[in-house]
Every structure is written in C-alpha cells, then in structure tokens.
Amino acid sequence: MALRPEDLPSDPAALAEMVLAFEGENDDLRAEIATLKSLIFGARSERSAIVCAEQIAFDLERTAGSQLPANDDKPDAPRPERRKAKRNIGALPAHLPRVERVIEPASTLCPCCTGQMHRIGEESSEALDRVPAWLRVLRTIRPKYACRSCEGPIVQAPAPARLVEGGMATTALIAHIAAAKYAWQSTLYRQTQILAGQGVVVDRQTLARWMGSAAWLVRGLYDLQLKTMHGFERLFCDETPMPVLDPGRGRTRICQFWAHATDDRAWKGPAPPAVAYVFAGGRGKKEIVAQLAGFEGVLQVDGYAAYASLAGDAKMSGQIQLAYCLVHARRNFVRVHKTTNSPFAAEVIERIAAVYAIEERIRGLDAGERRATRQAETKPRMEALRARLIAVKDGISRRSTLIKAIDCMLERWQGLTAFLDDGRLEPDTNTVERSIRPIAIGKKNSLFSGDEGGGETWAILASLLNTAKLNGLDPEAYLVDVLDRMVSGATKTNQLHELLAWNWKAAREAEKRAVA
C-alpha cells in the first residue's frame with residue numbers, strides 16, 4: 001500500500017529509521033531481481049534449468065544463481081595466471097598401439113644419373129587416429145560329440161551364462177550403452193539412433209530393460225561400495241532434484257539424488273576417490289537419516305537444514321559432526337557484491353581468497369602439516385574475519401542482503417572453521433559438487449529418469465561408472481570386466497571387494513608390474 005504524507009511519522013528519528021528500513025528492503029528486492037535476471041538471461045554456465053518460487057524463498061546460500069569456484073577473485077580484480085593445459089600433444093600415450101604407414105617417394109631413381117638411390121634416414125611423426133566403432137555378431141557354436149562304438153551320452157560344452165538370457169546383446173554391448181548414458185550422459189534415445197545408423201533397430205524400452213538387468217546384477221557391489229565409504233570417518237554429501245514420471249497424472253514429480261563422496265588424496269589418506277548416488281523420494285530429514293544410519297564421523301555439507309536436523313537428532317546420539325562449506329558462504333558475498341557493489345562484500349571475498357591461497361600451498365601434505373599451517377596462518381585470518389563480520393553487522397539494516405550473508409556465515413561459524421583443527425578435512429564441499437555434476441548434466445539431457453525403478457538403475461550404474469572415472473579408469477572397460485566376472489560366476493559374493501574400482505585398479509597395476 002502506498003504511503004500518504006499524513007501516514008509519515010513526525011519524529012525525525014522514527015522517519016530516519018523508516019527510510020533505512022525501506023532502503024534495506026530495496027536492496028533485498030534489487031538482489032532478488034538481479035538473481036532472476038542471471039537465471040533467465042545470464043550465461044549458460046550461470047543459470048539454472050528451472051526457476052521456481054521455492055528457490056527464491058530459500059535461504060540465501062541456496063538461492064539459485066552463479067556458483068563461482070572458490071579461487072575466483074572479486075569481479076574487478078586481476079585474474080591469476082592460467083595454469084598450463086595438460087595435453088598429450090607431442091607425447092601421445094605409450095600404451096596405445098602404433099600402426100606404421102610408410103610413404104615412399106614416387107621414384108627412388110636419382111634425377112641426375114638415374115641410378116638407384118639408397119635410404120639414408122627417415123623422418124617420422126605421430127598423430128592420434130581413430131578406428132570407427134563397429135558392431136559385429138558374436139556367433140557361439142557348441143559342437144556335440146557322440147561315441148560310435150557305444151551308446152554313451154552326447155557330450156557338449158555348457159552354454160555360457162549371459163546377462164540377458166535369450167537376448168540379443170552381449171555384456172560388452174550392454175556395458176557400452178551403460179557407460180555412454182551414465183558416465184558420458186548420452187541418452188538412450190540418442191543411442192537407439194546411433195544403432196539405427198548401423199542398421200540395428202532397437203527401441204528405447206529394450207535398452208532400458210538391459211540397463212535394469214545390469215543394475216540388478218551389480219546391486220551387491222553398489223551396496224558394498226556405499227558401505228565401504230561409510231566406514232571412513234569423513235564423508236561429503238549433497239543432493240539434487242530428479243524429475244520422475246508419475247504414471248496416471250500425465251506429468252513428472254520431483255524426487256532426489258543424494259550424492260555421498262569420499263576422497264583423501266589431498267593429504268594422502270586412506271579413503272579412495274569414490275561417489276555413491278542414492279535415489280530417494282524426497283530431500284527431508286528422514287531420507288538422509290535412513291542413508292547414514294551406520295555412519296559415524298564428520299559429514300561435510302552445504303547449509304541445507306536437513307543436515308543440521310540430522311546432526312541434532314537424538315537417535316544419532318552425537319555420531320555425526322557437521323563441517324560446512326566455505327565456498328557456499330563466499331557465494332553469498334559474491335551475489336551481494338554483484339548487486340550492490342558493497343565494499344565490505346569485496347573485502348570478505350579477498351579475505352577468503354587469502355585462505356584458499358594457503359590451501360593451494362599445503363595441498364598434498366600430510367594431515368599434521370596441513371593442520372600446523374592452518375593453525376599458524378589460516379586461523380588468525382579467520383578470527384580477524386569473524387571480528388569484522390560482528391563489527392559491521394550492527395551498523396546495517398536488518399533487511400539488507402548483506403546482513404543475511406553475514407548472519408548465515410556467523411551462524412555456521414563452528415562448522416565453517418572445523419577444517420582449522422583437523423588437517424584431514426577440506427574447507428569446502430567441492431569434492432561432492434564435482435561428483436554430482438554428471439547427474440545434473442545427465443538429467444538435463446534426459447529430462448527425467450523414467451520411473452522410480454529407472455532412478456534406482458541410474459543411481460547404481462552411475463555410482464560404479466563415475467567412481468571408475470575418479471580412479472582414472474576407462475569406465476566401459478571396467479564395467480565389461482565386472483559384468484563378465486559376475487555373470488560367469490568367476491567372482492563370488494564373498495569376493496565382491498575385489499571389484500571395487502580402487503581395488504580393481506590396484507590388481508591391474510600389480511599384474512602389469514609382474515609382467516614387466
């Protein structure tokens with residue numbers, strides 16, 4: 001409702017307070033409008049696929065918008081020197097087979113005397129080549145043998161076990177389709193078109209059934225991987241919505257993919273790089289409580305309220321300690337700086353950048369060295385930042401976006417600074433943010449997961465394939481071997497730990513060393 005002159009207070013102090021309140025409200029609205037414009041009209045990497053009222057009403061650190069990496073400087077600061085790109089140019093991988101092509105001159109006769117010239121040397125160069133993928137029909141023949149001297153039994157080798165009994169696909173083809181979809185985000189619809197281009201007409205539902213069969217077979221390995229990851233004392237967690245078909249209603253409903261991740265490579269710890277996705281019907285406290293029932297340790301997360309409820313749950317009895325993400329706290333000040341050009345927001349960004357400069361320097365050291373450096377260098381910087389936040393907080397409007405960013409950071413201060421006292425922790429959740437990116441890209445390409453069974457299949461196969469990628473493996477080759485071993489019975493249930501990506505990789509490396 002518009003104000004009229006007679007509604008304004010006559011007291012100058014009350015009038016000044018009203019003006020400040022309106023100014024804070026205007027800052028908040030301007031920030032919200034800027035966020036919406038960034039979502040709708042911003043660069044593709046900075047806008048969200050869906051804009052909904054829930055996102056706008058959500059607390060500041062979860063408001064959709066550009067998500068800058070932790071080492072970005074403020075917008076007007078000079079960019080750091082770019083690292084040299086890692087390429088194979090001039091040093092192509094030694095493990096790839098070499099095919100030689102010799103190009104002879106048109107004539108080896110001397111142009112002067114027409115005598116035969118002799119080879120005195122050569123020049124060689126290498127270029128990466130590709131043989132186009134091709135389909136073939138694997139015809140299995142099992143001869144029958146009988147004795148002509150007696151009426152003994154007919155002898156024939158047993159038929160090999162197959163993933164899809166009576167089906168037309170080998171495990172190699174099924175693994176290829178699974179890797180293309182869940183590791184490289186190529187939809188089943190596109191793959192049916194690719195197969196059709198090679199003269200094989202298969203409908204999408206058939207491919208989906210193949211994926212379901214593969215997921216059913218490796219479900220035990222997936223469960224073992226998730227259980228193994230929960231056995232470590234540090235775990236990252238994040239979640240992302242996943243549209244699922246809702247039969248009978250003609251539309252989709254929103255379910256969730258939760259991502260659990262481990263990675264101790266930054267300090268040479270025991271936890272391997274791994275990610276396990278869990279499909280769930282919602283993103284509430286009951287879903288995450290069910291998933292982490294057996295976990296005890298530090299859970300590193302963003303500011304979503306369900307995690308705080310989980311840590312405070314009486315049933316968990318202090319099993320879980322929360323560590324929050326410094327990058328998410330920083331993003332709030334980046335948004336404030338973009339919309340209001342606040343000098344204090346720029347100052348906070350600079351202070352956090354100094355913390356990450358220290359982190360870059362100590363990456364790869366052991367946990368004790370990391371903690372010692374953080375206590376000596378990072379802790380004083382964080383304490384000075386907290387003092388500045390408290391000092392500035394009292395002098396600004398309670399309705400401004402800056403106060404929300406400050407309050408958000410101060411409320412979670414203990415979790416944000418947990419990494420100072422534990423060299424095994426990271427200051428942020430970038431580990432799981434990177435791991436959940438394939439899911440975000442995949443759902444953008446696929447639009448939805450089909451049904452709840454499709455969501456389960458997606459979670460199982462994507463967990464194994466993306467963990468293989470994190471360990472530097474070819475995900476397709478890894479899945480082919482896993483499926484072959486499990487279908488044939490070569491790997492028993494009590495040997496499933498041998499098929500975990502990091503153990504599988506270690507076994508292959510040991511075999512190579514033995515041969516060499």
# chains A, B, ... in the order shown; residues from 1 in each chain; ligands from 1
>>> residues_around(residues="Thr378 (chain A)", least_positions_apart="3", cutoff="8 Å", atoms="only C-alpha atoms", output="list in words")
Val355, Ile358, Thr373, Arg374, Gln375, Arg381, Met382 and Leu420 of chain A
>>> residues_around(residues="Ile352 (chain A)", least_positions_apart="5", cutoff="12 Å", atoms="only C-alpha atoms", output="number ranges by chain")
A: 69-74, 325-331, 333-334, 345-347, 357-359, 378-379, 381-386, 416-417, 427-428
>>> closest_residue(among="A:Trp458, A:Phe295, A:Trp210, A:Tyr324", to="Leu235 (chain A)", atoms="only C-alpha atoms")
A:Phe295
>>> residues_around(residues="Arg130 (chain A)", least_positions_apart="2", cutoff="12 Å", atoms="only C-alpha atoms", output="PDB file with N, CA and C atoms, in the first residue's frame")
ATOM      1  N   LEU A  96      49.008 -46.931 -26.227  1.00  0.00           N
ATOM      2  CA  LEU A  96      48.193 -47.077 -27.432  1.00  0.00           C
ATOM      3  C   LEU A  96      48.972 -47.821 -28.507  1.00  0.00           C
ATOM      4  N   PRO A  97      48.316 -48.689 -29.256  1.00  0.00           N
ATOM      5  CA  PRO A  97      49.023 -49.417 -30.328  1.00  0.00           C
ATOM      6  C   PRO A  97      49.488 -48.471 -31.426  1.00  0.00           C
ATOM      7  N   ARG A  98      50.643 -48.784 -32.019  1.00  0.00           N
ATOM      8  CA  ARG A  98      51.199 -47.987 -33.118  1.00  0.00           C
ATOM      9  C   ARG A  98      50.992 -48.719 -34.439  1.00  0.00           C
ATOM     10  N   VAL A  99      50.470 -48.033 -35.414  1.00  0.00           N
ATOM     11  CA  VAL A  99      50.318 -48.562 -36.774  1.00  0.00           C
ATOM     12  C   VAL A  99      51.182 -47.696 -37.687  1.00  0.00           C
ATOM     13  N   ALA A 127      50.372 -39.025 -34.984  1.00  0.00           N
ATOM     14  CA  ALA A 127      49.092 -38.332 -34.867  1.00  0.00           C
ATOM     15  C   ALA A 127      48.070 -39.306 -34.297  1.00  0.00           C
ATOM     16  N   LEU A 128      47.200 -38.791 -33.461  1.00  0.00           N
ATOM     17  CA  LEU A 128      46.186 -39.635 -32.843  1.00  0.00           C
ATOM     18  C   LEU A 128      45.113 -39.961 -33.878  1.00  0.00           C
ATOM     19  N   PRO A 132      36.679 -46.202 -36.456  1.00  0.00           N
ATOM     20  CA  PRO A 132      35.266 -46.075 -36.102  1.00  0.00           C
ATOM     21  C   PRO A 132      34.736 -47.329 -35.417  1.00  0.00           C
ATOM     22  N   ALA A 133      33.888 -47.113 -34.404  1.00  0.00           N
ATOM     23  CA  ALA A 133      33.284 -48.251 -33.705  1.00  0.00           C
ATOM     24  C   ALA A 133      32.433 -49.049 -34.684  1.00  0.00           C
ATOM     25  N   TRP A 134      32.438 -50.363 -34.517  1.00  0.00           N
ATOM     26  CA  TRP A 134      31.655 -51.187 -35.424  1.00  0.00           C
ATOM     27  C   TRP A 134      31.000 -52.317 -34.635  1.00  0.00           C
TER      28      TRP A 134
END
>>> closest_residue(among="A:Asp394, A:Glu426, A:Thr228, A:Glu350", to="Val298 (chain A)", atoms="only C-alpha atoms")
A:Glu426
>>> closest_atom_pairs(of="region 333-397 of chain A", to="region 260-268 of chain A", cutoff="6 Å", atoms="only C-alpha atoms", output="Markdown table")
| residue | atom | partner | partner_atom | distance |
| --- | --- | --- | --- | --- |
| A:Arg363 | CA | A:Ala266 | CA | 5.5 |
| A:Gly364 | CA | A:Ala266 | CA | 4.9 |
| A:Leu365 | CA | A:Trp267 | CA | 5.4 |
| A:Asp366 | CA | A:Trp267 | CA | 4.7 |
| A:Ala367 | CA | A:Trp267 | CA | 5.7 |
>>> residues_around(residues="Arg136 (chain A)", least_positions_apart="3", cutoff="12 Å", atoms="only C-alpha atoms", output="PyMOL selection string")
chain A and resi 133+139+168-170+172-173+195+198-200
>>> write_last_selection(atoms="N, CA and C atoms", output="PDB file, in the first residue's frame")
ATOM      1  N   ALA A 133      33.888 -47.113 -34.404  1.00  0.00           N
ATOM      2  CA  ALA A 133      33.284 -48.251 -33.705  1.00  0.00           C
ATOM      3  C   ALA A 133      32.433 -49.049 -34.684  1.00  0.00           C
ATOM      4  N   ARG A 139      28.779 -65.188 -32.919  1.00  0.00           N
ATOM      5  CA  ARG A 139      28.077 -66.466 -33.116  1.00  0.00           C
ATOM      6  C   ARG A 139      28.763 -67.543 -32.275  1.00  0.00           C
ATOM      7  N   MET A 168      19.626 -60.426 -27.322  1.00  0.00           N
ATOM      8  CA  MET A 168      20.471 -60.251 -28.493  1.00  0.00           C
ATOM      9  C   MET A 168      21.786 -59.547 -28.171  1.00  0.00           C
ATOM     10  N   ALA A 169      21.992 -59.133 -26.904  1.00  0.00           N
ATOM     11  CA  ALA A 169      23.155 -58.300 -26.573  1.00  0.00           C
ATOM     12  C   ALA A 169      24.145 -59.046 -25.698  1.00  0.00           C
ATOM     13  N   THR A 170      25.430 -58.835 -25.941  1.00  0.00           N
ATOM     14  CA  THR A 170      26.477 -59.353 -25.064  1.00  0.00           C
ATOM     15  C   THR A 170      26.692 -58.370 -23.917  1.00  0.00           C
ATOM     16  N   ALA A 172      29.368 -56.862 -23.327  1.00  0.00           N
ATOM     17  CA  ALA A 172      30.165 -55.751 -23.851  1.00  0.00           C
ATOM     18  C   ALA A 172      29.272 -54.653 -24.416  1.00  0.00           C
ATOM     19  N   LEU A 173      28.225 -55.039 -25.158  1.00  0.00           N
ATOM     20  CA  LEU A 173      27.319 -54.045 -25.710  1.00  0.00           C
ATOM     21  C   LEU A 173      26.528 -53.353 -24.607  1.00  0.00           C
ATOM     22  N   LEU A 195      22.542 -46.708 -33.151  1.00  0.00           N
ATOM     23  CA  LEU A 195      22.448 -48.107 -33.569  1.00  0.00           C
ATOM     24  C   LEU A 195      21.692 -48.234 -34.885  1.00  0.00           C
ATOM     25  N   GLN A 198      23.657 -47.868 -37.927  1.00  0.00           N
ATOM     26  CA  GLN A 198      24.470 -49.031 -38.304  1.00  0.00           C
ATOM     27  C   GLN A 198      23.590 -50.219 -38.678  1.00  0.00           C
ATOM     28  N   GLY A 199      22.310 -49.943 -38.893  1.00  0.00           N
ATOM     29  CA  GLY A 199      21.415 -50.978 -39.382  1.00  0.00           C
ATOM     30  C   GLY A 199      20.787 -51.856 -38.324  1.00  0.00           C
ATOM     31  N   VAL A 200      20.919 -51.504 -37.048  1.00  0.00           N
ATOM     32  CA  VAL A 200      20.329 -52.294 -35.960  1.00  0.00           C
ATOM     33  C   VAL A 200      19.206 -51.475 -35.334  1.00  0.00           C
TER      34      VAL A 200
END
>>> closest_atom_pairs(of="region 163-251 of chain A", to="region 273-292 of chain A", cutoff="10 Å", atoms="only C-alpha atoms", output="JSON lines")
{"residue": "A:Tyr222", "atom": "CA", "partner": "A:Ala276", "partner_atom": "CA", "distance": 7.8}
{"residue": "A:Asp223", "atom": "CA", "partner": "A:Ala276", "partner_atom": "CA", "distance": 9.1}
{"residue": "A:Gln225", "atom": "CA", "partner": "A:Ala276", "partner_atom": "CA", "distance": 7.4}
{"residue": "A:Leu226", "atom": "CA", "partner": "A:Ala276", "partner_atom": "CA", "distance": 6.0}
{"residue": "A:Lys227", "atom": "CA", "partner": "A:Leu292", "partner_atom": "CA", "distance": 9.8}
{"residue": "A:Met229", "atom": "CA", "partner": "A:Ala274", "partner_atom": "CA", "distance": 7.7}
{"residue": "A:His230", "atom": "CA", "partner": "A:Leu292", "partner_atom": "CA", "distance": 7.7}
{"residue": "A:Leu235", "atom": "CA", "partner": "A:Val275", "partner_atom": "CA", "distance": 10.0}
{"residue": "A:Phe236", "atom": "CA", "partner": "A:Val275", "partner_atom": "CA", "distance": 9.2}
{"residue": "A:Cys237", "atom": "CA", "partner": "A:Ile288", "partner_atom": "CA", "distance": 9.6}
{"residue": "A:Asp238", "atom": "CA", "partner": "A:Tyr277", "partner_atom": "CA", "distance": 9.6}
{"residue": "A:Glu239", "atom": "CA", "partner": "A:Arg283", "partner_atom": "CA", "distance": 7.6}
{"residue": "A:Thr240", "atom": "CA", "partner": "A:Arg283", "partner_atom": "CA", "distance": 8.7}
{"residue": "A:Pro241", "atom": "CA", "partner": "A:Arg283", "partner_atom": "CA", "distance": 8.3}
{"residue": "A:Met242", "atom": "CA", "partner": "A:Phe279", "partner_atom": "CA", "distance": 8.8}
{"residue": "A:Val244", "atom": "CA", "partner": "A:Gly281", "partner_atom": "CA", "distance": 9.5}
>>> closest_residue(among="A:Gln319, A:Asn466, A:Ser488, A:Gln300", to="Arg424 (chain A)", atoms="only C-alpha atoms")
A:Gln300
>>> select_by_dssp(residues="region 234-374 of chain A", states="helix (DSSP H, G or I)", output="PyMOL selection string")
chain A and resi 265-267+285-291+305-311+314-316+326-340+343-362+367-374
